[in-house]
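Working notes, beginning with the structure itself.
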Amino acid sequence: MVFPEGTRTPPGGALLPLKPGFILIAQRAAAPIQLVRITTDSDVLTKGRAWWKLPRFPAHIEVVAGPLLATGAPGGPEVLTGVIEEWFRTPPVGDAACAPAPGALFVSGRFHRPP
């Protein structure tokens, strides 16, 4: 698991800019990228929370699997990073959470778009 912004997003804060290094790792491993959105209403996953302090309970954690992306999209890592960042910045609406981001090359035949 890699956090492409380099760390976890601060509570109530905007998503930090993504860094393209995670795409280079996936390309070298010849592995697709599985997008996963994790949200919570608690401080259970918060960066900087003291490990000895209990988080707020009950905690509701939502994990949504997004599209599975091939790393060979034309334009290089910077273009794919932009497509992925757009997916994360777009609020999920129903089944739209798993909809393909425009312009990306997907592993699943259903989402494949030729270069």
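Lettering and numbering for the structure tokens are positional, with chains as A, B, ... in the shown order, residues counted from 1 in each chain, and ligands counted from 1 in the shown order.
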Q: Skip Ile61 of chain A itself and residues of its chain fewer than 3 positions away, then list as a PyMOL selection string all residues within 9 Å of it, counting only C-alpha atoms.
A: chain A and resi 38-42+44
Selection from above, N, CA, C and O atoms, as an mmCIF file, in the first residue's frame, can you write it?
data_model
loop_
_atom_site.group_PDB
_atom_site.id
_atom_site.type_symbol
_atom_site.label_atom_id
_atom_site.label_comp_id
_atom_site.auth_asym_id
_atom_site.auth_seq_id
_atom_site.Cartn_x
_atom_site.Cartn_y
_atom_site.Cartn_z
ATOM 1 N N ILE A 38 -10.130 5.529 1.237
ATOM 2 C CA ILE A 38 -10.421 5.208 2.634
ATOM 3 C C ILE A 38 -10.863 6.491 3.325
ATOM 4 O O ILE A 38 -10.127 7.481 3.324
ATOM 5 N N THR A 39 -12.058 6.468 3.908
ATOM 6 C CA THR A 39 -12.560 7.626 4.643
ATOM 7 C C THR A 39 -13.046 7.161 6.011
ATOM 8 O O THR A 39 -13.466 6.014 6.179
ATOM 9 N N THR A 40 -13.001 8.063 6.972
ATOM 10 C CA THR A 40 -13.469 7.749 8.311
ATOM 11 C C THR A 40 -14.012 9.006 8.978
ATOM 12 O O THR A 40 -13.626 10.128 8.622
ATOM 13 N N ASP A 41 -14.889 8.803 9.951
ATOM 14 C CA ASP A 41 -15.428 9.916 10.728
ATOM 15 C C ASP A 41 -14.737 10.001 12.092
ATOM 16 O O ASP A 41 -15.167 10.719 12.970
ATOM 17 N N SER A 42 -13.667 9.247 12.258
ATOM 18 C CA SER A 42 -12.947 9.191 13.526
ATOM 19 C C SER A 42 -11.494 9.590 13.305
ATOM 20 O O SER A 42 -11.039 9.723 12.175
ATOM 21 N N VAL A 44 -9.163 7.596 14.126
ATOM 22 C CA VAL A 44 -8.506 6.296 14.245
ATOM 23 C C VAL A 44 -7.318 6.137 13.280
ATOM 24 O O VAL A 44 -6.345 5.488 13.605
#
**Q.** For Asp43 of chain A, the nearest of the candidates A:Pro20, A:Gly82, A:Pro58, A:Pro74, counting only C-alpha atoms
**A.**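 Closest to Asp43 of chain A, using only C-alpha atoms: A:Pro58.
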Find the spatial neighbours of segment 10-19 of chain A, counting only C-alpha atoms, within a cut-off of 10 Å - ignore same-chain residues fewer than 3 positions away - and output them as a short mmCIF file (atom, residue, chain, number, x, y, z; two decimals) with C-alpha atoms, in the first residue's frame.
data_model
loop_
_atom_site.label_atom_id
_atom_site.label_comp_id
_atom_site.auth_asym_id
_atom_site.auth_seq_id
_atom_site.Cartn_x
_atom_site.Cartn_y
_atom_site.Cartn_z
CA PHE A 3 -0.07 6.80 -0.11
CA PRO A 4 0.71 8.72 -3.34
CA GLU A 5 0.54 12.09 -1.61
CA GLY A 6 3.49 10.93 0.50
CA THR A 7 1.51 10.80 3.75
CA PHE A 22 4.32 5.43 -6.96
CA ILE A 23 3.69 5.00 -10.70
CA THR A 39 -12.56 7.63 4.64
CA THR A 40 -13.47 7.75 8.31
CA ASP A 41 -15.43 9.92 10.73
CA SER A 42 -12.95 9.19 13.53
CA ASP A 43 -9.35 10.02 14.28
CA LEU A 45 -6.30 6.62 11.13
CA THR A 46 -5.04 10.15 11.79
CA LYS A 47 -1.38 10.92 11.36
CA GLY A 48 0.21 12.30 14.48
CA PRO A 77 3.84 9.03 -15.04
CA GLU A 78 2.92 12.71 -14.76
CA THR A 81 -0.70 10.93 -11.77
CA GLY A 82 -3.04 13.72 -12.88
CA ILE A 84 -5.48 9.47 -10.51
CA GLU A 85 -5.46 12.72 -8.56
CA PHE A 88 -9.42 11.10 -5.69
CA ARG A 89 -10.53 14.75 -5.76
#
Q | Val36 of chain A environment, 9 Å, only C-alpha atoms, sequence neighbours closer than 3 positions dropped, as a list in words | A | Val63, Val64, Ala65, Gly66, Pro67 and Phe88 of chain A
Q.
Run DSSP on the backbone and tell me which residues of segment 12-66 of chain A come out as alpha helix (DSSP H); list them as a ChimeraX atom specification.
A. /A:21-28
Selection to disk with N, CA and C atoms, as a PDB file, in the first residue's frame:
ATOM      1  N   GLY A  21       6.103   9.139  -8.069  1.00  0.00           N
ATOM      2  CA  GLY A  21       6.999   8.031  -7.743  1.00  0.00           C
ATOM      3  C   GLY A  21       6.295   6.693  -7.610  1.00  0.00           C
ATOM      4  N   PHE A  22       5.049   6.684  -7.118  1.00  0.00           N
ATOM      5  CA  PHE A  22       4.321   5.426  -6.957  1.00  0.00           C
ATOM      6  C   PHE A  22       4.043   4.769  -8.309  1.00  0.00           C
ATOM      7  N   ILE A  23       3.913   5.559  -9.359  1.00  0.00           N
ATOM      8  CA  ILE A  23       3.687   5.004 -10.696  1.00  0.00           C
ATOM      9  C   ILE A  23       4.971   4.355 -11.204  1.00  0.00           C
ATOM     10  N   LEU A  24       6.102   4.974 -10.949  1.00  0.00           N
ATOM     11  CA  LEU A  24       7.381   4.380 -11.349  1.00  0.00           C
ATOM     12  C   LEU A  24       7.601   3.047 -10.634  1.00  0.00           C
ATOM     13  N   ILE A  25       7.228   2.957  -9.366  1.00  0.00           N
ATOM     14  CA  ILE A  25       7.340   1.695  -8.624  1.00  0.00           C
ATOM     15  C   ILE A  25       6.475   0.627  -9.289  1.00  0.00           C
ATOM     16  N   ALA A  26       5.233   0.970  -9.619  1.00  0.00           N
ATOM     17  CA  ALA A  26       4.320   0.012 -10.260  1.00  0.00           C
ATOM     18  C   ALA A  26       4.839  -0.397 -11.643  1.00  0.00           C
ATOM     19  N   GLN A  27       5.372   0.545 -12.404  1.00  0.00           N
ATOM     20  CA  GLN A  27       5.908   0.221 -13.725  1.00  0.00           C
ATOM     21  C   GLN A  27       7.084  -0.744 -13.623  1.00  0.00           C
ATOM     22  N   ARG A  28       7.986  -0.496 -12.697  1.00  0.00           N
ATOM     23  CA  ARG A  28       9.153  -1.385 -12.524  1.00  0.00           C
ATOM     24  C   ARG A  28       8.736  -2.768 -12.060  1.00  0.00           C
TER      25      ARG A  28
END
